[in-house]
Every structure is written in structure tokens, then in C-alpha cells.
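One file, model.tsv, carrying TSV, C-alpha atoms:
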```tsv
chain	number	residue	atom	x	y	z
A	1	MET	CA	-109.95	-148.18	-40.26
A	2	GLU	CA	-107.99	-149.82	-43.03
A	3	TYR	CA	-104.64	-151.43	-42.14
A	4	ARG	CA	-101.63	-151.89	-44.37
A	5	ARG	CA	-98.14	-153.38	-44.22
A	6	LEU	CA	-95.36	-150.84	-43.72
A	7	GLY	CA	-93.36	-151.39	-46.88
A	8	VAL	CA	-92.10	-154.95	-47.19
A	9	SER	CA	-92.19	-155.72	-43.49
A	10	GLY	CA	-94.25	-157.56	-40.93
A	11	LEU	CA	-95.45	-154.34	-39.29
A	12	THR	CA	-99.12	-153.58	-39.85
A	13	VAL	CA	-100.04	-149.91	-39.56
A	14	PRO	CA	-103.32	-147.99	-39.85
A	15	ALA	CA	-103.94	-146.06	-43.07
A	16	LEU	CA	-104.12	-142.94	-40.91
A	17	SER	CA	-101.63	-142.30	-38.12
A	18	PHE	CA	-101.67	-139.49	-35.56
A	19	GLY	CA	-98.91	-136.89	-35.56
A	20	ALA	CA	-98.07	-135.45	-32.14
A	21	GLY	CA	-96.37	-132.32	-33.44
A	22	THR	CA	-99.07	-130.25	-31.73
A	23	PHE	CA	-98.22	-131.72	-28.31
A	24	GLY	CA	-96.11	-129.65	-25.94
A	25	GLY	CA	-96.21	-126.19	-27.51
A	26	ARG	CA	-92.60	-125.14	-26.88
A	27	GLY	CA	-90.61	-122.86	-29.17
A	28	GLU	CA	-91.65	-120.44	-31.88
A	29	LEU	CA	-92.36	-123.02	-34.59
A	30	PHE	CA	-93.98	-125.79	-32.56
A	31	GLY	CA	-95.76	-123.32	-30.32
A	32	ALA	CA	-97.53	-122.09	-33.47
A	33	TRP	CA	-98.47	-125.68	-34.34
A	34	GLY	CA	-100.28	-126.25	-31.05
A	35	ASP	CA	-99.91	-126.49	-27.29
A	36	THR	CA	-101.82	-129.64	-26.41
A	37	ASP	CA	-101.16	-130.66	-22.80
A	38	ALA	CA	-101.27	-134.17	-21.31
A	39	ARG	CA	-104.96	-134.05	-20.41
A	40	GLN	CA	-105.97	-132.88	-23.86
A	41	ALA	CA	-103.59	-135.33	-25.49
A	42	ARG	CA	-105.10	-138.24	-23.61
A	43	ARG	CA	-108.50	-137.27	-25.00
A	44	MET	CA	-107.04	-137.09	-28.52
A	45	VAL	CA	-105.55	-140.55	-28.08
A	46	ASP	CA	-108.93	-141.82	-26.85
A	47	VAL	CA	-110.63	-140.55	-30.02
A	48	ALA	CA	-107.88	-141.89	-32.28
A	49	LEU	CA	-107.87	-145.37	-30.74
A	50	HIS	CA	-111.67	-145.56	-30.89
A	51	ALA	CA	-111.39	-144.91	-34.65
A	52	GLY	CA	-108.70	-147.58	-35.08
A	53	VAL	CA	-105.74	-145.19	-35.32
A	54	THR	CA	-103.05	-147.13	-33.49
A	55	MET	CA	-99.80	-145.44	-34.62
A	56	PHE	CA	-98.58	-142.19	-33.06
A	57	ASP	CA	-95.65	-140.29	-34.54
A	58	THR	CA	-93.39	-137.75	-32.86
A	59	ALA	CA	-89.73	-136.63	-32.78
A	60	ASP	CA	-87.11	-135.46	-30.31
A	61	VAL	CA	-87.09	-131.95	-31.84
A	62	TYR	CA	-90.84	-131.45	-31.51
A	63	SER	CA	-91.25	-128.85	-28.74
A	64	GLU	CA	-87.77	-129.64	-27.40
A	65	GLY	CA	-88.79	-133.16	-26.41
A	66	ALA	CA	-92.07	-132.10	-24.81
A	67	SER	CA	-94.07	-133.78	-27.58
A	68	GLU	CA	-92.61	-137.15	-26.64
A	69	GLN	CA	-93.21	-136.47	-22.94
A	70	VAL	CA	-96.85	-135.48	-23.45
A	71	LEU	CA	-97.47	-138.44	-25.77
A	72	GLY	CA	-95.92	-140.78	-23.20
A	73	GLU	CA	-98.27	-139.49	-20.53
A	74	ALA	CA	-101.26	-139.75	-22.87
A	75	ILE	CA	-100.66	-143.46	-23.63
A	76	ARG	CA	-99.78	-144.47	-20.08
A	77	GLY	CA	-101.52	-147.71	-19.15
A	78	ARG	CA	-102.18	-148.73	-22.75
A	79	ARG	CA	-98.77	-149.13	-24.32
A	80	ASP	CA	-99.76	-152.53	-25.68
A	81	ARG	CA	-102.52	-150.91	-27.76
A	82	VAL	CA	-100.35	-148.43	-29.64
A	83	LEU	CA	-97.45	-148.25	-32.07
A	84	LEU	CA	-94.90	-145.56	-31.18
A	85	SER	CA	-92.89	-143.89	-33.91
A	86	THR	CA	-90.27	-141.23	-33.26
A	87	LYS	CA	-87.33	-139.61	-35.03
A	88	ALA	CA	-83.86	-138.25	-34.33
A	89	SER	CA	-80.82	-136.79	-36.16
A	90	LEU	CA	-81.75	-133.11	-36.38
A	91	PRO	CA	-79.95	-130.80	-33.92
A	92	THR	CA	-81.42	-130.65	-30.42
A	93	GLY	CA	-78.77	-128.26	-29.10
A	94	PRO	CA	-75.50	-126.51	-29.96
A	95	GLY	CA	-73.18	-129.25	-28.74
A	96	PRO	CA	-71.13	-131.52	-31.03
A	97	HIS	CA	-73.02	-134.62	-29.82
A	98	GLU	CA	-76.49	-133.08	-30.15
A	99	ALA	CA	-76.95	-133.63	-33.89
A	100	GLY	CA	-76.41	-136.23	-36.57
A	101	SER	CA	-76.55	-140.00	-36.78
A	102	GLY	CA	-73.26	-141.16	-35.33
A	103	ARG	CA	-73.27	-144.23	-33.10
A	104	ALA	CA	-73.10	-142.34	-29.79
A	105	ARG	CA	-75.72	-139.84	-30.93
A	106	LEU	CA	-78.20	-142.52	-32.03
A	107	ILE	CA	-77.81	-144.59	-28.88
A	108	GLY	CA	-78.30	-141.49	-26.72
A	109	ALA	CA	-81.25	-140.32	-28.82
A	110	VAL	CA	-83.04	-143.65	-28.51
A	111	GLU	CA	-82.45	-143.84	-24.76
A	112	GLY	CA	-83.73	-140.28	-24.36
A	113	ALA	CA	-86.83	-141.01	-26.41
A	114	LEU	CA	-87.57	-144.16	-24.42
A	115	ARG	CA	-87.29	-142.19	-21.19
A	116	ARG	CA	-89.54	-139.36	-22.35
A	117	LEU	CA	-92.13	-141.73	-23.83
A	118	GLY	CA	-92.12	-143.97	-20.76
A	119	THR	CA	-91.52	-147.18	-22.67
A	120	ASP	CA	-88.75	-149.72	-23.15
A	121	TYR	CA	-89.03	-150.09	-26.94
A	122	LEU	CA	-89.95	-148.14	-30.06
A	123	ASP	CA	-92.04	-149.74	-32.78
A	124	LEU	CA	-90.51	-147.50	-35.46
A	125	PHE	CA	-87.41	-145.32	-35.22
A	126	GLN	CA	-86.60	-143.01	-38.13
A	127	LEU	CA	-83.62	-140.85	-38.98
A	128	HIS	CA	-85.04	-137.35	-39.34
A	129	ALA	CA	-82.43	-136.33	-41.93
A	130	PHE	CA	-79.43	-137.74	-43.77
A	131	ASP	CA	-76.12	-137.20	-41.96
A	132	ALA	CA	-73.56	-136.71	-44.72
A	133	GLY	CA	-70.71	-136.59	-42.22
A	134	THR	CA	-71.17	-140.10	-40.83
A	135	PRO	CA	-70.54	-143.23	-42.93
A	136	VAL	CA	-73.77	-145.07	-43.69
A	137	GLU	CA	-72.10	-148.27	-42.48
A	138	GLU	CA	-71.70	-146.76	-38.99
A	139	VAL	CA	-75.29	-145.54	-38.94
A	140	LEU	CA	-76.68	-148.90	-40.02
A	141	ALA	CA	-74.49	-150.87	-37.61
A	142	ALA	CA	-75.73	-148.71	-34.73
A	143	LEU	CA	-79.35	-149.19	-35.78
A	144	ASP	CA	-78.76	-152.92	-36.16
A	145	ASP	CA	-77.41	-153.08	-32.61
A	146	LEU	CA	-80.40	-151.14	-31.29
A	147	VAL	CA	-82.80	-153.52	-33.02
A	148	HIS	CA	-81.02	-156.60	-31.68
A	149	SER	CA	-81.01	-155.09	-28.19
A	150	GLY	CA	-84.82	-154.89	-28.35
A	151	LYS	CA	-84.96	-151.10	-28.07
A	152	ILE	CA	-86.18	-150.68	-31.67
A	153	ARG	CA	-88.35	-153.00	-33.73
A	154	TYR	CA	-88.28	-151.36	-37.18
A	155	VAL	CA	-86.20	-148.58	-38.71
A	156	GLY	CA	-86.91	-145.93	-41.29
A	157	ALA	CA	-85.63	-142.71	-42.78
A	158	SER	CA	-87.15	-139.29	-43.32
A	159	ASN	CA	-86.47	-136.58	-45.88
A	160	PHE	CA	-83.73	-138.53	-47.66
A	161	ALA	CA	-82.81	-137.91	-51.29
A	162	GLY	CA	-83.10	-140.89	-53.59
A	163	TRP	CA	-79.35	-141.57	-53.72
A	164	GLN	CA	-79.06	-141.29	-49.94
A	165	LEU	CA	-81.81	-143.84	-49.36
A	166	MET	CA	-80.53	-146.22	-52.05
A	167	LYS	CA	-76.95	-146.00	-50.77
A	168	SER	CA	-78.19	-146.89	-47.29
A	169	LEU	CA	-80.31	-149.80	-48.50
A	170	ALA	CA	-77.42	-151.18	-50.58
A	171	ALA	CA	-75.07	-150.95	-47.60
A	172	ALA	CA	-77.61	-152.69	-45.37
A	173	ASP	CA	-77.87	-155.55	-47.86
A	174	ARG	CA	-74.11	-155.75	-48.27
A	175	HIS	CA	-73.42	-156.00	-44.54
A	176	GLY	CA	-76.54	-157.89	-43.46
A	177	HIS	CA	-77.91	-155.00	-41.39
A	178	VAL	CA	-81.56	-154.10	-40.87
A	179	ARG	CA	-83.10	-152.22	-43.79
A	180	TYR	CA	-85.21	-149.11	-43.77
A	181	VAL	CA	-88.80	-150.21	-44.28
A	182	ALA	CA	-90.28	-146.72	-44.08
A	183	HIS	CA	-89.54	-143.33	-45.55
A	184	GLN	CA	-91.35	-140.43	-43.89
A	185	VAL	CA	-91.90	-137.94	-46.69
A	186	TYR	CA	-93.73	-134.77	-47.59
A	187	TYR	CA	-96.45	-135.58	-50.11
A	188	SER	CA	-99.69	-133.77	-50.91
A	189	LEU	CA	-101.87	-132.57	-53.74
A	190	VAL	CA	-99.83	-129.36	-53.78
A	191	GLY	CA	-96.48	-131.13	-53.37
A	192	ARG	CA	-96.00	-134.17	-55.60
A	193	ASP	CA	-92.19	-134.16	-55.89
A	194	TYR	CA	-92.15	-137.48	-54.01
A	195	GLU	CA	-93.45	-139.16	-57.16
A	196	TRP	CA	-90.47	-138.32	-59.36
A	197	GLU	CA	-87.81	-140.54	-57.80
A	198	LEU	CA	-88.65	-141.58	-54.27
A	199	MET	CA	-91.90	-143.34	-55.17
A	200	PRO	CA	-90.32	-145.53	-57.88
A	201	LEU	CA	-87.50	-146.29	-55.43
A	202	GLY	CA	-90.02	-147.24	-52.76
A	203	LEU	CA	-91.81	-149.56	-55.18
A	204	ASP	CA	-88.58	-151.19	-56.26
A	205	GLN	CA	-87.09	-151.58	-52.78
A	206	GLY	CA	-90.21	-152.23	-50.70
A	207	VAL	CA	-90.04	-149.01	-48.68
A	208	GLY	CA	-93.40	-147.71	-47.51
A	209	ALA	CA	-94.23	-144.02	-47.45
A	210	VAL	CA	-95.20	-142.47	-44.13
A	211	VAL	CA	-96.66	-139.18	-45.31
A	212	TRP	CA	-96.16	-135.97	-43.33
A	213	SER	CA	-98.06	-132.72	-43.89
A	214	PRO	CA	-100.63	-134.33	-46.22
A	215	LEU	CA	-102.64	-131.09	-46.28
A	216	GLY	CA	-99.77	-129.08	-47.71
A	217	TRP	CA	-98.56	-127.46	-44.48
A	218	GLY	CA	-102.13	-126.50	-43.54
A	219	ARG	CA	-103.10	-125.08	-46.93
A	220	LEU	CA	-105.71	-127.71	-47.84
A	221	THR	CA	-108.00	-127.18	-44.87
A	222	GLY	CA	-110.75	-125.66	-46.99
A	223	LYS	CA	-110.25	-122.24	-45.42
A	224	ILE	CA	-107.79	-120.83	-47.96
A	225	ARG	CA	-109.28	-119.79	-51.29
A	226	ARG	CA	-108.62	-117.55	-54.23
A	227	GLY	CA	-109.22	-113.85	-53.58
A	228	GLN	CA	-109.59	-114.24	-49.82
A	229	PRO	CA	-107.16	-113.17	-47.08
A	230	LEU	CA	-105.41	-115.78	-44.97
A	231	PRO	CA	-107.71	-116.67	-42.04
A	232	ASP	CA	-106.73	-115.10	-38.72
A	233	GLY	CA	-106.31	-118.46	-36.99
A	234	SER	CA	-104.09	-120.03	-39.67
A	235	ARG	CA	-100.67	-121.15	-38.48
A	236	LEU	CA	-99.33	-120.11	-41.88
A	237	HIS	CA	-99.00	-116.56	-40.56
A	238	LYS	CA	-96.07	-117.75	-38.44
A	239	THR	CA	-94.86	-120.95	-40.09
A	240	ALA	CA	-95.21	-120.58	-43.88
A	241	GLU	CA	-91.49	-119.94	-44.40
A	242	ALA	CA	-90.57	-123.13	-42.51
A	243	GLY	CA	-92.71	-125.41	-44.66
A	244	PRO	CA	-92.73	-126.63	-48.25
A	245	PRO	CA	-93.16	-123.83	-50.82
A	246	VAL	CA	-96.45	-123.90	-52.72
A	247	PRO	CA	-97.21	-121.57	-55.66
A	248	ASP	CA	-100.41	-119.65	-55.01
A	249	GLU	CA	-101.99	-120.45	-58.36
A	250	LEU	CA	-101.35	-124.18	-57.93
A	251	LEU	CA	-103.01	-124.03	-54.51
A	252	TYR	CA	-106.04	-122.14	-55.79
A	253	ASP	CA	-106.48	-124.40	-58.82
A	254	VAL	CA	-106.35	-127.51	-56.63
A	255	VAL	CA	-108.77	-126.04	-54.09
A	256	ASP	CA	-111.21	-125.18	-56.88
A	257	VAL	CA	-111.38	-128.86	-57.88
A	258	LEU	CA	-111.52	-129.97	-54.24
A	259	ASP	CA	-114.52	-127.66	-53.78
A	260	GLU	CA	-116.22	-129.26	-56.78
A	261	LEU	CA	-115.63	-132.76	-55.43
A	262	ALA	CA	-116.79	-131.73	-51.97
A	263	ALA	CA	-120.10	-130.67	-53.47
A	264	GLU	CA	-120.35	-133.95	-55.40
A	265	THR	CA	-119.43	-136.29	-52.55
A	266	GLY	CA	-120.66	-134.50	-49.44
A	267	ARG	CA	-117.13	-134.78	-48.01
A	268	THR	CA	-114.93	-131.95	-46.78
A	269	VAL	CA	-111.94	-130.52	-48.62
A	270	PRO	CA	-109.40	-132.08	-46.18
A	271	GLN	CA	-111.12	-135.46	-46.34
A	272	ILE	CA	-110.88	-135.51	-50.13
A	273	ALA	CA	-107.23	-134.44	-50.11
A	274	LEU	CA	-106.38	-137.19	-47.63
A	275	ASN	CA	-108.42	-139.83	-49.48
A	276	TRP	CA	-106.55	-139.05	-52.72
A	277	LEU	CA	-103.24	-139.72	-50.96
A	278	LEU	CA	-104.47	-143.07	-49.64
A	279	SER	CA	-104.95	-144.24	-53.24
A	280	ARG	CA	-101.33	-143.56	-54.24
A	281	PRO	CA	-98.66	-146.25	-54.75
A	282	THR	CA	-96.30	-147.01	-51.82
A	283	VAL	CA	-98.35	-145.01	-49.28
A	284	SER	CA	-98.51	-147.11	-46.12
A	285	THR	CA	-99.90	-144.50	-43.74
A	286	VAL	CA	-100.79	-140.82	-43.77
A	287	ILE	CA	-100.03	-138.80	-40.64
A	288	ILE	CA	-102.84	-136.52	-39.57
A	289	GLY	CA	-102.42	-133.85	-36.93
A	290	ALA	CA	-104.97	-131.80	-35.07
A	291	ARG	CA	-105.05	-128.94	-32.61
A	292	THR	CA	-108.63	-129.71	-31.60
A	293	GLU	CA	-110.82	-132.78	-31.24
A	294	GLU	CA	-113.09	-131.36	-33.96
A	295	GLN	CA	-110.19	-131.24	-36.42
A	296	LEU	CA	-109.19	-134.78	-35.54
A	297	ARG	CA	-112.69	-136.15	-36.04
A	298	GLN	CA	-112.98	-134.41	-39.40
A	299	ASN	CA	-109.67	-135.85	-40.62
A	300	LEU	CA	-110.71	-139.32	-39.49
A	301	GLY	CA	-113.55	-139.06	-42.00
A	302	ALA	CA	-111.04	-139.51	-44.82
A	303	VAL	CA	-111.31	-143.32	-44.59
A	304	GLY	CA	-114.15	-145.76	-45.21
A	305	TRP	CA	-114.95	-144.53	-48.72
A	306	GLN	CA	-113.19	-143.96	-52.05
A	307	LEU	CA	-113.06	-141.36	-54.75
A	308	ASP	CA	-114.07	-142.77	-58.13
A	309	ALA	CA	-111.69	-143.00	-61.08
A	310	ASP	CA	-112.95	-139.80	-62.71
A	311	GLN	CA	-112.60	-137.80	-59.50
A	312	ILE	CA	-109.06	-139.07	-58.97
A	313	ALA	CA	-108.20	-138.20	-62.59
A	314	ARG	CA	-109.43	-134.64	-62.10
A	315	LEU	CA	-107.28	-134.23	-59.02
A	316	ASP	CA	-104.31	-135.80	-60.79
A	317	LYS	CA	-104.66	-133.39	-63.71
A	318	VAL	CA	-105.02	-130.17	-61.73
A	319	SER	CA	-102.22	-130.97	-59.29
A	320	MET	CA	-99.63	-132.34	-61.72
A	321	ARG	CA	-96.64	-130.18	-62.61
A	322	THR	CA	-93.90	-131.07	-65.09
A	323	PRO	CA	-90.97	-132.48	-63.13
A	324	PRO	CA	-87.39	-131.30	-63.75
A	325	TYR	CA	-84.76	-133.14	-65.73
A	326	PRO	CA	-84.03	-136.05	-65.81
A	327	TYR	CA	-87.58	-137.01	-64.84
A	328	TYR	CA	-89.74	-135.04	-67.27
A	329	PRO	CA	-89.09	-137.22	-70.37
A	330	TYR	CA	-90.63	-140.21	-68.62
A	331	TYR	CA	-93.80	-138.21	-67.96
A	332	ARG	CA	-94.09	-136.41	-71.30
A	333	LEU	CA	-92.45	-138.47	-74.04
A	334	PRO	CA	-93.99	-141.82	-75.08
A	335	ASP	CA	-90.67	-143.43	-76.04
A	336	PHE	CA	-89.18	-142.71	-72.63
A	337	ALA	CA	-92.34	-143.77	-70.81
A	338	ARG	CA	-92.39	-147.04	-72.73
A	339	LEU	CA	-88.96	-147.92	-71.37
A	340	ASN	CA	-89.46	-146.64	-67.84
A	341	PRO	CA	-93.08	-145.70	-67.09
A	342	PRO	CA	-93.72	-143.33	-64.17
A	343	ALA	CA	-94.83	-144.97	-60.95
A	344	VAL	CA	-98.14	-143.13	-61.22
```

Please express what this file holds, its structure, as C-alpha cells.
Amino acid sequence: MEYRRLGVSGLTVPALSFGAGTFGGRGELFGAWGDTDARQARRMVDVALHAGVTMFDTADVYSEGASEQVLGEAIRGRRDRVLLSTKASLPTGPGPHEAGSGRARLIGAVEGALRRLGTDYLDLFQLHAFDAGTPVEEVLAALDDLVHSGKIRYVGASNFAGWQLMKSLAAADRHGHVRYVAHQVYYSLVGRDYEWELMPLGLDQGVGAVVWSPLGWGRLTGKIRRGQPLPDGSRLHKTAEAGPPVPDELLYDVVDVLDELAAETGRTVPQIALNWLLSRPTVSTVIIGARTEEQLRQNLGAVGWQLDADQIARLDKVSMRTPPYPYYPYYRLPDFARLNPPAV
């Protein structure tokens, strides 16, 4: 396993992390993701740790908190060997104090996560969404207090727009609060919007990308191809509308090239898609999920080798789409690119 710094911080993370979204199996959405119980989860953690995967990511909304509970049981007795990452801010109930990033909400969310995970500190705590109703100064002050109390070691954000992340970082610098060192983002060969603004921001501000859904919401498994029906076992039957939109032709074009590279390299389609991500600027760690041990072992095969420059260029070309204004001039027009070259 390769290890990297999480943004500009002292936290070292594995290039691949394990996402526990399949743990618990509660609710319509997360039940479709998976229903891994504590016994199965412990086996998954065994396999991950043996491969050098030391960071495990979850959230309070995953299976109504059951994901955190199952993960906590799976790591029992080996807390010192793992990094725990969780998230809060999205609604967990209908009440006025069950959503957002206000001080009381964050303190309660962290205490709840610690209880469910069976630990007294979190290695990484991320805001799952931007709370436009709470001043960023209040959010950052609460996070700062939680860090100084020892309950959190590093903080990050997830799914923020560029201005939201930059406003938060500027406020942290202005008031001397802890900064976000991670941004958990959607990024894949069929979803490269991250590159337009958030990647340059991450480079400039030292914020590392923690990539979620690197296989395009389950589309880059190698089982979905042009002219073929969606496989019976695909979770896309139930969850496609909840995930990032992907144009069919973009997906099929990318899979065609992935198939070519699979034949050239002897690797699988998911392994190639994951390996491409690991070569991108700002990417600190890529979160892999799995419903079965077989899926986990296959995804772990994405490390320990590299695509060559020509193979990366072919993937870059087939997956690239012209970004919207004001970004497209910097990708298409030499004069603009000369002044402000794209991050990639």
C-alpha cells in the first residue's frame, strides 16, 4: 500500500481507504448498498488491514447510524491500528436540532459518533454538507473546540462548493481556528467536475481530496456495457436517481477504453479506473466500498502498479468534457491557459 499526506497536514493516510456505507443495511438507499453485519464487517476489516488499508470512512446518516455501530464492533480491540473518519451535518431526523452544523448540533453529532464507534476520538471529522444558515465562524469555533478537547484530530468538509470551502478556510485563517485539510468529493472517470474549481483550490490551499464513489456510483464495475441491459444484481436499479448523473454515451465511451486497457494490462476495469484516480493532483485517498470480500480484494488490486503516460492520456481524452463558463476558456483557449493553466 502507498501512503500519502492528507493535504498539508501531518496525517498520513493510505492511497485506498475503506468506505463503510455497505455496513448496517437500514433504509431504502443504504439497504440497497449492502447489509454487512458485524461478523462480516470484521472479516472485511481483516482483509483491508492485511493489505495496508488503515482508514475507514463512515457517516451518521449511513443506515441511520448502524454503519458506525457495525464499524465500531468490527474494529474492537484494534483501535490503535486504524484511522476512523466520519461525517455529520445532513439531517438525521425531522427535529430542528437534527441537521446542520450549528455548535450544539456538531457537539452532539461528535458525541453520538464516538458512542456508536466505541472510541474516544475521531481521526478525521468532516462536515457532510455546507450549512448556509449557520455562520462559518460558529462552525469553525465549534470544530476548534472539539479538536482542542481531544475528540477530533483533523477536520474536513464534503460536497462544498468552491466559494463555500474558500470562505471557510479564510475565516479559519482570520480567527486562528483549525483549517479543513480534507475535502471529500465525488470524482471519477465519468464525473470530472471536481477538476474545474475544487482541484485548483485544493492545490492552492493544501486541501487533500478524499474521493467518494470513484467507480461512478457503481457504473465502472466492468458489468455495464453498450447495448447490454443493466445486470440484475446492480444497485443502480434502486439507487441511480440518488447518485451523480452520468450520460450513457460518456459511460459507454469510457468503458470501451477501459476494456482496451484491461486487455493490454491484464487488470480489471475497476482497477484501471481507480489507478487513474490515484495519479490525479490533490488526491490523497480514494474510498473503496465492497459488498463482498471478492469485490474488496479486486479493488485492492488497484495499487502497486501504474498506468503508463499513453494509457493515462487515452483515458483523459475519452473522459474529458468541456466545462461550463467561466472555466472552459482555461481549457480551450491558449491565451487563457497561459495566464491560468488548468490544474490537470

Determine, for each residue of stretch 116-208 of chain A having at least one atom at most 10 Å from an atom of stretch 75-79 of chain A, the closest pair of atoms and their separation in Å to one decimal, counting all atoms listed in the file; order by chain and ascending number, as CSV.
```
residue,atom,partner,partner_atom,distance
A:Leu117,CA,A:Ile75,CA,8.7
A:Gly118,CA,A:Arg76,CA,7.7
A:Thr119,CA,A:Arg79,CA,7.7
```

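Restricting the calculation to all atoms listed in the file, the smallest distance between A:Ile272 and any of A:Leu11, A:Leu6, A:Ala290, A:Ala302 is found for A:Ala302.
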
Taking 2 positions as the minimum chain separation for residues in the same chain, which residues sit within 6 Å of A:Val210 when counting only C-alpha atoms? Answer as a CSV table (one decimal) with C-alpha atoms, in the coordinates of the input.
```csv
chain,number,residue,atom,x,y,z
A,183,HIS,CA,-89.5,-143.3,-45.6
A,184,GLN,CA,-91.4,-140.4,-43.9
A,285,THR,CA,-99.9,-144.5,-43.7
A,286,VAL,CA,-100.8,-140.8,-43.8
```

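Across the structure, atom CA of A:Ala109 and atom CA of A:Thr134 are spaced 15.7 Å apart.
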
Work out how far apart atom CA of A:Asp80 and atom CA of A:Ser213 are and give it in Å to one decimal.
27.0 Å
